[in-house]
$ cat model_11.pdb   # PDB, C-alpha atoms
ATOM      1  CA  MET M 290     -19.780  30.989  -5.051
ATOM      2  CA  ASN M 291     -19.513  28.376  -2.291
ATOM      3  CA  SER M 292     -16.495  29.522  -0.341
ATOM      4  CA  GLU M 293     -16.771  27.678   2.985
ATOM      5  CA  ILE M 294     -14.604  24.615   3.071
ATOM      6  CA  GLU M 295     -13.718  22.335   5.947
ATOM      7  CA  ILE M 296     -11.049  19.739   6.619
ATOM      8  CA  GLU M 297     -12.736  16.452   7.512
ATOM      9  CA  LEU M 298     -11.307  13.183   8.791
ATOM     10  CA  PHE M 299     -11.650  10.630   5.994
ATOM     11  CA  GLU M 300      -9.961   7.481   7.312
ATOM     12  CA  GLU M 301      -7.757   6.502  10.225
ATOM     13  CA  HIS M 302      -4.954   3.999   9.724
ATOM     14  CA  GLU M 303      -2.284   2.600  12.000
ATOM     15  CA  THR M 304       0.399   5.160  11.104
ATOM     16  CA  VAL M 305      -1.407   7.813   9.060
ATOM     17  CA  ASN M 306      -4.676   9.731   9.259
ATOM     18  CA  PHE M 307      -6.244  10.635   5.941
ATOM     19  CA  TYR M 308      -8.258  13.828   5.812
ATOM     20  CA  THR M 309     -10.218  15.332   2.953
ATOM     21  CA  LEU M 310     -11.940  18.630   2.154
ATOM     22  CA  ARG M 311     -15.645  19.368   1.992
ATOM     23  CA  PHE M 312     -17.280  22.504   0.641
ATOM     24  CA  ARG M 313     -20.426  23.370   2.598
ATOM     25  CA  ASN M 314     -23.394  21.202   1.515
ATOM     26  CA  GLU M 315     -21.291  19.340  -1.021
ATOM     27  CA  GLU M 316     -19.676  15.911  -1.265
ATOM     28  CA  THR M 317     -16.106  15.557  -0.068
ATOM     29  CA  GLU M 318     -13.352  16.119  -2.613
ATOM     30  CA  VAL M 319     -12.495  12.389  -2.534
ATOM     31  CA  ASP M 320     -16.118  11.517  -3.293
ATOM     32  CA  LYS M 321     -16.064  13.891  -6.251
ATOM     33  CA  PHE M 322     -12.957  12.058  -7.474
ATOM     34  CA  LEU M 323     -14.548   8.616  -7.024
ATOM     35  CA  ASP M 324     -17.737   9.800  -8.787
ATOM     36  CA  LYS M 325     -15.655  10.345 -11.921
ATOM     37  CA  PHE M 326     -14.619   6.678 -11.922
ATOM     38  CA  PRO M 327     -17.664   4.571 -11.011
ATOM     39  CA  GLU M 328     -17.299   0.841 -10.560
ATOM     40  CA  GLY M 329     -17.109  -0.946 -13.893
ATOM     41  CA  CYS M 330     -15.323   1.891 -15.694
ATOM     42  CA  GLU M 331     -12.052   1.329 -17.558
ATOM     43  CA  TYR M 332     -10.044   2.658 -14.586
ATOM     44  CA  ASP M 333     -11.339   0.103 -12.081
ATOM     45  CA  GLU M 334      -7.969  -1.530 -11.509
ATOM     46  CA  ASP M 335      -6.221   1.835 -11.165
ATOM     47  CA  ILE M 336      -8.716   2.892  -8.499
ATOM     48  CA  ASP M 337      -8.051  -0.443  -6.770
ATOM     49  CA  VAL M 338      -4.303   0.279  -6.864
ATOM     50  CA  ILE M 339      -4.929   3.745  -5.360
ATOM     51  CA  ILE M 340      -6.985   2.230  -2.528
ATOM     52  CA  LYS M 341      -4.307  -0.386  -1.827
ATOM     53  CA  TRP M 342      -1.632   2.307  -2.030
ATOM     54  CA  ILE M 343      -3.613   4.271   0.621
ATOM     55  CA  ASP M 344      -3.644   1.127   2.790
ATOM     56  CA  GLN M 345       0.125   0.648   2.479
ATOM     57  CA  ILE M 346       0.813   4.327   3.195
ATOM     58  CA  GLY M 347      -1.562   4.081   6.146
ATOM     59  CA  GLU M 348       0.526   1.257   7.532
ATOM     60  CA  ARG M 349       4.060   2.420   6.620
ATOM     61  CA  GLY M 350       3.816   6.210   6.803
ATOM     62  CA  ALA M 351       3.369   9.018   4.286
ATOM     63  CA  LEU M 352       7.043   9.297   3.419
ATOM     64  CA  GLU M 353       7.906  11.869   0.777
ATOM     65  CA  ARG M 354       9.522   9.318  -1.497
ATOM     66  CA  HIS M 355       6.185   7.557  -2.019
ATOM     67  CA  PHE M 356       4.644  10.579  -3.765
ATOM     68  CA  ARG M 357       4.903  12.216  -7.139
ATOM     69  CA  PRO M 358       5.488  15.989  -6.915
ATOM     70  CA  GLU M 359       2.837  18.030  -8.774
ATOM     71  CA  GLY M 360       3.224  21.750  -8.321
ATOM     72  CA  LYS M 361       4.191  23.633  -5.210
ATOM     73  CA  ASN M 362       3.485  21.586  -2.047
ATOM     74  CA  VAL M 363       0.981  19.338  -3.819
ATOM     75  CA  TRP M 364       1.624  15.678  -4.513
ATOM     76  CA  ALA M 365      -0.074  13.025  -6.606
ATOM     77  CA  VAL M 366      -0.707   9.387  -5.816
ATOM     78  CA  PRO M 367       1.739   7.645  -8.139
ATOM     79  CA  ILE M 368      -0.054   5.565 -10.721
ATOM     80  CA  GLU M 369       2.270   4.477 -13.505
ATOM     81  CA  THR M 370      -0.099   2.407 -15.566
ATOM     82  CA  CYS M 371      -2.303   5.305 -16.628
ATOM     83  CA  LYS M 372      -2.736   9.052 -16.430
ATOM     84  CA  LEU M 373      -4.994   8.946 -13.400
ATOM     85  CA  ARG M 374      -4.101  11.590 -10.819
ATOM     86  CA  LEU M 375      -5.351  11.946  -7.256
ATOM     87  CA  TYR M 376      -3.878  15.040  -5.642
ATOM     88  CA  VAL M 377      -2.936  15.216  -1.987
ATOM     89  CA  LEU M 378      -1.446  17.565   0.569
ATOM     90  CA  ARG M 379       1.211  16.029   2.763
ATOM     91  CA  LEU M 380       1.308  17.797   6.113
ATOM     92  CA  SER M 381       3.659  15.273   7.692
ATOM     93  CA  ASP M 382       4.626  11.595   7.587
ATOM     94  CA  GLU M 383       1.417  10.986   9.546
ATOM     95  CA  ILE M 384      -1.120  13.354   7.979
ATOM     96  CA  LEU M 385      -2.407  13.449   4.419
ATOM     97  CA  ILE M 386      -5.234  15.531   2.993
ATOM     98  CA  LEU M 387      -6.803  13.854  -0.023
ATOM     99  CA  GLY M 388      -8.191  16.134  -2.680
ATOM    100  CA  ASN M 389      -9.783  15.656  -6.064
ATOM    101  CA  GLY M 390      -8.161  14.696  -9.358
ATOM    102  CA  GLY M 391      -8.848  13.181 -12.739
ATOM    103  CA  ILE M 392      -7.238  11.967 -15.929
ATOM    104  CA  LYS M 393      -4.247  13.960 -17.032
ATOM    105  CA  THR M 394      -4.485  14.368 -20.794
ATOM    106  CA  THR M 395      -2.260  17.415 -21.106
ATOM    107  CA  ARG M 396       1.493  17.635 -20.664
ATOM    108  CA  THR M 397       1.191  19.547 -17.403
ATOM    109  CA  TYR M 398      -1.732  19.808 -14.991
ATOM    110  CA  ASN M 399      -1.834  23.605 -15.478
ATOM    111  CA  GLU M 400      -3.027  23.127 -19.042
ATOM    112  CA  ASP M 401      -6.140  21.286 -17.869
ATOM    113  CA  PRO M 402      -8.598  23.686 -16.141
ATOM    114  CA  ASP M 403     -10.169  20.917 -14.009
ATOM    115  CA  LEU M 404      -6.878  19.470 -12.779
ATOM    116  CA  ASN M 405      -5.485  22.948 -12.276
ATOM    117  CA  ALA M 406      -8.488  23.790 -10.075
ATOM    118  CA  CYS M 407      -7.865  20.636  -7.975
ATOM    119  CA  VAL M 408      -4.196  21.514  -7.462
ATOM    120  CA  GLU M 409      -4.869  25.215  -6.824
ATOM    121  CA  LEU M 410      -7.476  24.423  -4.173
ATOM    122  CA  LEU M 411      -4.989  22.234  -2.303
ATOM    123  CA  GLN M 412      -2.303  24.894  -2.622
ATOM    124  CA  LYS M 413      -4.677  27.490  -1.121
ATOM    125  CA  ILE M 414      -5.607  25.186   1.743
ATOM    126  CA  ASP M 415      -1.920  24.458   2.333
ATOM    127  CA  GLY M 416      -1.247  28.187   2.635
ATOM    128  CA  TYR M 417      -4.168  28.699   5.022
ATOM    129  CA  ILE M 418      -3.176  25.762   7.222
ATOM    130  CA  LYS M 419       0.415  26.966   7.487
ATOM    131  CA  SER M 420      -0.770  30.481   8.286
ATOM    132  CA  ARG M 421      -3.076  29.195  11.058
ATOM    133  CA  ILE M 422      -0.349  26.930  12.430
ATOM    134  CA  ARG M 423       1.856  30.015  12.749
ATOM    135  CA  LYS M 424      -0.979  31.889  14.482
ATOM    136  CA  GLY M 425      -1.648  28.919  16.726
ATOM    137  CA  THR M 426      -5.283  28.473  15.673
ATOM    138  CA  ILE M 427      -4.465  25.088  14.136
ATOM    139  CA  GLN M 428      -2.273  22.519  15.834
ATOM    140  CA  VAL M 429      -0.911  19.389  14.287
ATOM    141  CA  TYR M 430      -0.111  16.679  16.769
ATOM    142  CA  GLY M 431       0.813  13.169  15.688
ATOM    143  CA  LYS M 432      -1.859  11.948  13.290
ATOM    144  CA  GLN M 433      -4.334  14.649  14.246
ATOM    145  CA  ILE M 434      -5.258  18.178  13.276
ATOM    146  CA  PHE M 435      -6.807  20.301  16.018
ATOM    147  CA  GLY M 436      -8.369  23.743  16.032
ATOM    148  CA  ASN M 437     -10.350  25.762  13.561
ATOM    149  CA  THR M 438     -10.339  23.748  10.346
ATOM    150  CA  THR M 439     -13.045  25.675   8.490
ATOM    151  CA  PHE M 440     -11.911  28.177   5.900
ATOM    152  CA  HIS M 441     -13.733  30.898   4.041
ATOM    153  CA  LEU M 442     -11.808  31.177   0.843
ATOM    154  CA  LYS M 443     -12.771  34.792   0.122
ATOM    155  CA  ASP M 444     -12.067  35.994   3.650
ATOM    156  CA  GLU M 445      -8.792  34.149   3.765
ATOM    157  CA  ASN M 446      -7.836  35.809   0.483
ATOM    158  CA  GLU M 447      -8.715  39.211   1.845
ATOM    159  CA  LYS M 448      -6.671  38.626   4.981
ATOM    160  CA  LYS M 449      -3.606  37.730   2.923
TER     161      LYS M 449
ATOM    162  CA  MET B 486     -10.405   3.455  13.670
ATOM    163  CA  LYS B 487     -12.604   5.386  11.284
ATOM    164  CA  LYS B 488     -12.954   3.976   7.783
ATOM    165  CA  ASN B 489     -14.814   5.422   4.819
ATOM    166  CA  ARG B 490     -17.846   3.320   3.926
ATOM    167  CA  ARG B 491     -17.525   3.853   0.187
ATOM    168  CA  LEU B 492     -13.872   2.819   0.177
ATOM    169  CA  GLU B 493     -14.627  -0.150   2.410
ATOM    170  CA  GLU B 494     -17.206  -1.385  -0.089
ATOM    171  CA  ARG B 495     -14.643  -1.172  -2.879
ATOM    172  CA  ARG B 496     -11.958  -2.811  -0.747
ATOM    173  CA  LYS B 497     -14.088  -5.938  -0.487
ATOM    174  CA  LYS B 498     -14.002  -6.316  -4.265
ATOM    175  CA  ILE B 499     -10.282  -5.722  -4.823
ATOM    176  CA  SER B 500      -8.575  -8.836  -6.124
ATOM    177  CA  LYS B 501      -5.818 -10.475  -4.127
ATOM    178  CA  ASP B 502      -3.307  -9.973  -6.951
ATOM    179  CA  VAL B 503      -3.725  -6.168  -6.891
ATOM    180  CA  ASP B 504      -3.345  -6.249  -3.124
ATOM    181  CA  LEU B 505      -0.128  -8.289  -3.407
ATOM    182  CA  TYR B 506       1.218  -6.228  -6.325
ATOM    183  CA  VAL B 507       1.100  -3.007  -4.282
ATOM    184  CA  LYS B 508       2.383  -4.709  -1.124
ATOM    185  CA  HIS B 509       5.333  -6.326  -2.944
ATOM    186  CA  SER B 510       6.161  -3.059  -4.656
ATOM    187  CA  PHE B 511       6.301  -1.281  -1.285
ATOM    188  CA  ASP B 512       8.371  -4.145   0.169
ATOM    189  CA  ILE B 513      10.894  -3.822  -2.665
ATOM    190  CA  VAL B 514      11.283  -0.040  -2.376
ATOM    191  CA  ASP B 515      11.524  -0.237   1.406
ATOM    192  CA  ARG B 516      14.261  -2.850   1.039
ATOM    193  CA  ILE B 517      16.147  -0.717  -1.516
ATOM    194  CA  HIS B 518      15.840   2.270   0.799
ATOM    195  CA  GLU B 519      17.111   0.185   3.715
ATOM    196  CA  ILE B 520      20.191  -0.868   1.695
ATOM    197  CA  LEU B 521      20.838   2.720   0.566
ATOM    198  CA  GLU B 522      20.659   3.947   4.158
ATOM    199  CA  ALA B 523      22.989   1.202   5.376
ATOM    200  CA  GLN B 524      25.487   2.162   2.667
ATOM    201  CA  ASP B 525      25.073   5.869   3.400
ATOM    202  CA  LYS B 526      23.795   6.419  -0.124
ATOM    203  CA  GLU B 527      20.903   8.395  -1.568
ATOM    204  CA  GLN B 528      18.572   7.818  -4.498
ATOM    205  CA  LYS B 529      20.770  10.036  -6.660
ATOM    206  CA  ASP B 530      23.722   7.684  -5.985
ATOM    207  CA  LEU B 531      21.625   4.747  -7.124
ATOM    208  CA  ALA B 532      20.663   6.716 -10.237
ATOM    209  CA  LYS B 533      24.349   7.297 -10.988
ATOM    210  CA  LEU B 534      25.263   3.659 -10.416
ATOM    211  CA  LEU B 535      22.511   2.526 -12.777
ATOM    212  CA  GLY B 536      23.103   5.263 -15.343
ATOM    213  CA  LYS B 537      19.528   6.500 -14.913
ATOM    214  CA  SER B 538      18.035   9.898 -14.202
ATOM    215  CA  GLU B 539      17.114  10.815 -10.645
ATOM    216  CA  SER B 540      13.511  11.380 -11.677
ATOM    217  CA  GLU B 541      13.272   7.823 -12.977
ATOM    218  CA  ILE B 542      14.577   6.409  -9.697
ATOM    219  CA  SER B 543      12.094   8.612  -7.824
ATOM    220  CA  LYS B 544       9.299   7.078  -9.882
ATOM    221  CA  TRP B 545      10.505   3.585  -8.952
ATOM    222  CA  MET B 546      10.598   4.441  -5.268
ATOM    223  CA  THR B 547       6.973   5.525  -4.933
ATOM    224  CA  GLY B 548       5.573   2.110  -4.094
ATOM    225  CA  ALA B 549       3.448   1.660  -7.188
ATOM    226  CA  HIS B 550       6.163   0.754  -9.682
ATOM    227  CA  ASN B 551       5.976  -2.529 -11.528
ATOM    228  CA  PHE B 552       9.579  -3.731 -11.128
ATOM    229  CA  THR B 553      10.863  -6.299 -13.585
ATOM    230  CA  ILE B 554      13.149  -9.071 -12.355
ATOM    231  CA  LYS B 555      15.829  -7.639 -14.645
ATOM    232  CA  THR B 556      15.626  -4.224 -12.954
ATOM    233  CA  ILE B 557      15.765  -5.804  -9.504
ATOM    234  CA  ALA B 558      18.803  -7.844 -10.576
ATOM    235  CA  LYS B 559      20.547  -4.675 -11.812
ATOM    236  CA  ILE B 560      19.863  -2.894  -8.525
ATOM    237  CA  GLU B 561      21.090  -5.913  -6.560
ATOM    238  CA  SER B 562      24.178  -5.996  -8.734
ATOM    239  CA  VAL B 563      25.179  -2.341  -8.223
ATOM    240  CA  LEU B 564      24.354  -2.322  -4.514
ATOM    241  CA  GLY B 565      25.894  -5.732  -3.843
ATOM    242  CA  GLU B 566      22.942  -6.786  -1.698
ATOM    243  CA  SER B 567      19.966  -8.960  -2.354
ATOM    244  CA  ILE B 568      16.534  -7.392  -2.533
ATOM    245  CA  ILE B 569      14.505 -10.533  -2.875
ATOM    246  CA  GLN B 570      15.171 -13.311  -0.391
ATOM    247  CA  PRO B 571      14.179 -16.558  -2.024
ATOM    248  CA  SER B 572      12.867 -19.107   0.415
ATOM    249  CA  LYS B 573      15.594 -21.589   1.408
ATOM    250  CA  ARG B 574      15.327 -24.931  -0.296
ATOM    251  CA  GLN B 575      13.916 -27.483   2.039
ATOM    252  CA  LYS B 576      15.937 -30.642   2.599
ATOM    253  CA  LYS B 577      14.170 -33.443   0.902
ATOM    254  CA  GLN B 578      12.634 -35.688   3.464
ATOM    255  CA  LYS B 579      11.889 -39.297   2.874
ATOM    256  CA  VAL B 580       8.217 -39.879   3.001
ATOM    257  CA  VAL B 581       6.978 -43.405   3.331
ATOM    258  CA  ILE B 582       3.513 -43.924   2.088
ATOM    259  CA  PHE B 583       1.736 -46.945   3.359
ATOM    260  CA  SER B 584      -0.859 -48.139   0.985
ATOM    261  CA  GLY B 585      -3.113 -51.019   1.631
ATOM    262  CA  ALA B 586      -1.441 -51.869   4.935
ATOM    263  CA  ASP B 587      -2.763 -54.666   7.135
ATOM    264  CA  TYR B 588      -3.023 -54.063  10.857
ATOM    265  CA  PHE B 589      -2.857 -56.963  13.274
ATOM    266  CA  MET B 590      -3.468 -57.075  16.939
ATOM    267  CA  LYS B 591      -0.784 -59.055  18.725
ATOM    268  CA  MET B 592      -2.330 -60.891  21.631
ATOM    269  CA  SER B 593      -0.643 -61.536  24.955
ATOM    270  CA  ASN B 594      -0.113 -65.271  25.258
ATOM    271  CA  LYS B 595      -0.173 -65.756  29.008
ATOM    272  CA  THR B 596      -1.337 -63.019  31.332
ATOM    273  CA  SER B 597      -4.037 -61.229  29.411
ATOM    274  CA  TYR B 598      -6.237 -61.414  26.409
ATOM    275  CA  LEU B 599      -5.799 -57.708  25.720
ATOM    276  CA  PRO B 600      -3.557 -56.678  22.797
ATOM    277  CA  THR B 601      -0.048 -55.602  23.858
ATOM    278  CA  ASP B 602       0.923 -53.773  20.660
ATOM    279  CA  TRP B 603       0.107 -53.249  16.998
ATOM    280  CA  GLU B 604       2.069 -54.497  14.073
ATOM    281  CA  THR B 605       1.747 -53.245  10.557
ATOM    282  CA  THR B 606       2.726 -55.063   7.431
ATOM    283  CA  LEU B 607       2.594 -54.012   3.832
ATOM    284  CA  ASN B 608       0.549 -56.090   1.506
ATOM    285  CA  THR B 609       3.605 -56.651  -0.606
ATOM    286  CA  ASN B 610       5.269 -58.291   2.358
ATOM    287  CA  ILE B 611       2.773 -61.009   3.090
ATOM    288  CA  HIS B 612       2.636 -62.407   6.564
ATOM    289  CA  GLU B 613       0.627 -65.238   7.804
ATOM    290  CA  PRO B 614      -1.911 -63.689  10.169
ATOM    291  CA  SER B 615      -1.993 -66.943  12.081
ATOM    292  CA  LYS B 616       1.469 -66.350  13.641
ATOM    293  CA  TYR B 617       0.062 -63.374  15.573
ATOM    294  CA  LEU B 618      -2.695 -65.412  16.968
ATOM    295  CA  GLU B 619      -0.625 -68.074  18.731
TER     296      GLU B 619
END
$ encode --input "model_11.pdb" --output "structure tokens"
Amino acid sequence: MNSEIEIELFEEHETVNFYTLRFRNEETEVDKFLDKFPEGCEYDEDIDVIIKWIDQIGERGALERHFRPEGKNVWAVPIETCKLRLYVLRLSDEILILGNGGIKTTRTYNEDPDLNACVELLQKIDGYIKSRIRKGTIQVYGKQIFGNTTFHLKDENEKK
Amino acid sequence: MKKNRRLEERRKKISKDVDLYVKHSFDIVDRIHEILEAQDKEQKDLAKLLGKSESEISKWMTGAHNFTIKTIAKIESVLGESIIQPSKRQKKQKVVIFSGADYFMKMSNKTSYLPTDWETTLNTNIHEPSKYLE
């Protein structure tokens, strides 16, 4: 199992930096999300709304009220017109970590194994980041994350 | 500032109306939030005033809600403030359109042969060009 995962800068905006996650030798989690909805698919406009929502957040700040809560510490980009979900971690008003997502066809994300995996991954990473912030091996300053941002999921589990 | 190439490619193809829809939605929720803050109120107070659940108001305040004019009017009504500022009506200005005007050069009669000014007449108001040439 590929267990090495790294936080990677995805996009920089005026007020917010967007990060994503990348398993070793794999696409980023955002790319995996976009692969599910190629151009010309029925969700084209919803993907456009997500991109424009990212732009607005990037300009105005990642304020809590702009997100839809989805499980402990994980948020979803709020799309009302369909069941499309892109999950994110919100470290502060200036830092977001974009994950993967998909179409929510079940009542809760937990009932869908794929969506549950997306949310659980972000929850794990959230726990690891907070633990390293406490230890001082990760620092969050303004829009930036400094320090050791590579995680070995197994090892981290063992350390817990 | 770093931008993702894949997203940038898609950005180029996003229609202006989607761009404006999201921007306007954010503008509206930011304005509502501004009013709530000024009135020392929270989203739950707005929910109460509108007879809605807090979760519904939270959904509205995300920045991707498609507000109807009716909903905006209700919010304006309970908060006593306007959310949308319509552009002020411009005072009607009189515009005179000259069509088919004739331009004549008025010649100086004594000191110079150069024109001293221009005079314009409308075709409907017929002048004898000869009077300018004295």
$ interface_residues --input "model_11.pdb" --of "chain M" --to "chain B" --cutoff "6 Å" --atoms "only C-alpha atoms" --output "PyMOL selection string"
chain M and resi 300-301+354-356
$ write_last_selection --input "model_11.pdb" --atoms "C-alpha atoms" --output "PDB file, keeping the file's coordinate frame"
ATOM      1  CA  GLU M 300      -9.961   7.481   7.312  1.00  0.00           C
ATOM      2  CA  GLU M 301      -7.757   6.502  10.225  1.00  0.00           C
ATOM      3  CA  ARG M 354       9.522   9.318  -1.497  1.00  0.00           C
ATOM      4  CA  HIS M 355       6.185   7.557  -2.019  1.00  0.00           C
ATOM      5  CA  PHE M 356       4.644  10.579  -3.765  1.00  0.00           C
TER       6      PHE M 356
END
$ atom_distance --input "model_11.pdb" --atom1 "atom CA of Ile296 of chain M" --atom2 "atom CA of Glu353 of chain M"
21.3 Å
$ residues_around --input "model_11.pdb" --residues "segment 402-417 of chain M" --least-positions-apart "3" --cutoff "7 Å" --atoms "only C-alpha atoms" --output "CSV table (one decimal) with C-alpha atoms, in the coordinates of the input"
chain,number,residue,atom,x,y,z
M,362,ASN,CA,3.5,21.6,-2.0
M,363,VAL,CA,1.0,19.3,-3.8
M,376,TYR,CA,-3.9,15.0,-5.6
M,378,LEU,CA,-1.4,17.6,0.6
M,388,GLY,CA,-8.2,16.1,-2.7
M,389,ASN,CA,-9.8,15.7,-6.1
M,390,GLY,CA,-8.2,14.7,-9.4
M,391,GLY,CA,-8.8,13.2,-12.7
M,398,TYR,CA,-1.7,19.8,-15.0
M,399,ASN,CA,-1.8,23.6,-15.5
M,420,SER,CA,-0.8,30.5,8.3
M,421,ARG,CA,-3.1,29.2,11.1
$ residues_near_point --input "model_11.pdb" --point "(-5.4, 9.6, -8.3)" --cutoff "10 Å" --atoms "only C-alpha atoms" --output "list of chain:residue names"
M:Val319, M:Phe322, M:Leu323, M:Asp335, M:Ile336, M:Val338, M:Ile339, M:Ile340, M:Ala365, M:Val366, M:Pro367, M:Ile368, M:Cys371, M:Lys372, M:Leu373, M:Arg374, M:Leu375, M:Tyr376, M:Val377, M:Leu387, M:Gly388, M:Asn389, M:Gly390, M:Gly391, M:Ile392, M:Lys393
$ axis_aligned_box --input "model_11.pdb" --around "segment 331-346 of chain M" --padding-each-side "8 Å" --output "AutoDock Vina command-line options"
--center_x -5.6 --center_y 1.4 --center_z -7.2 --size_x 28.9 --size_y 21.9 --size_z 36.8
$ residues_around --input "model_11.pdb" --residues "segment 554-570 of chain B" --least-positions-apart "4" --cutoff "9 Å" --atoms "only C-alpha atoms" --output "VMD selection string"
chain B and resid 513 516 to 517 520 to 521 524 531 534 to 535
$ resolve_selection --input "model_11.pdb" --expression "the PyMOL selection byres ((chain M and resi 351) around 12)" --output "number ranges by chain"
M: 302-307, 342-350, 352-357, 364, 366, 377-386, 432; B: 547-548
$ closest_residue --input "model_11.pdb" --among "M:Thr394, M:Thr317, M:Thr370, M:Thr426" --to "Leu298 of chain M" --atoms "all atoms listed in the file"
M:Thr317
$ atom_distance --input "model_11.pdb" --atom1 "atom CA of Glu318 of chain M" --atom2 "atom CA of Leu442 of chain M"
15.5 Å
$ residues_around --input "model_11.pdb" --residues "Asn437 of chain M" --least-positions-apart "2" --cutoff "12 Å" --atoms "all atoms listed in the file" --output "VMD selection string"
chain M and resid 294 to 297 417 to 418 420 to 422 424 to 429 434 to 435 439 to 441
$ atom_distance --input "model_11.pdb" --atom1 "atom CA of Lys419 of chain M" --atom2 "atom CA of Arg313 of chain M"
21.7 Å
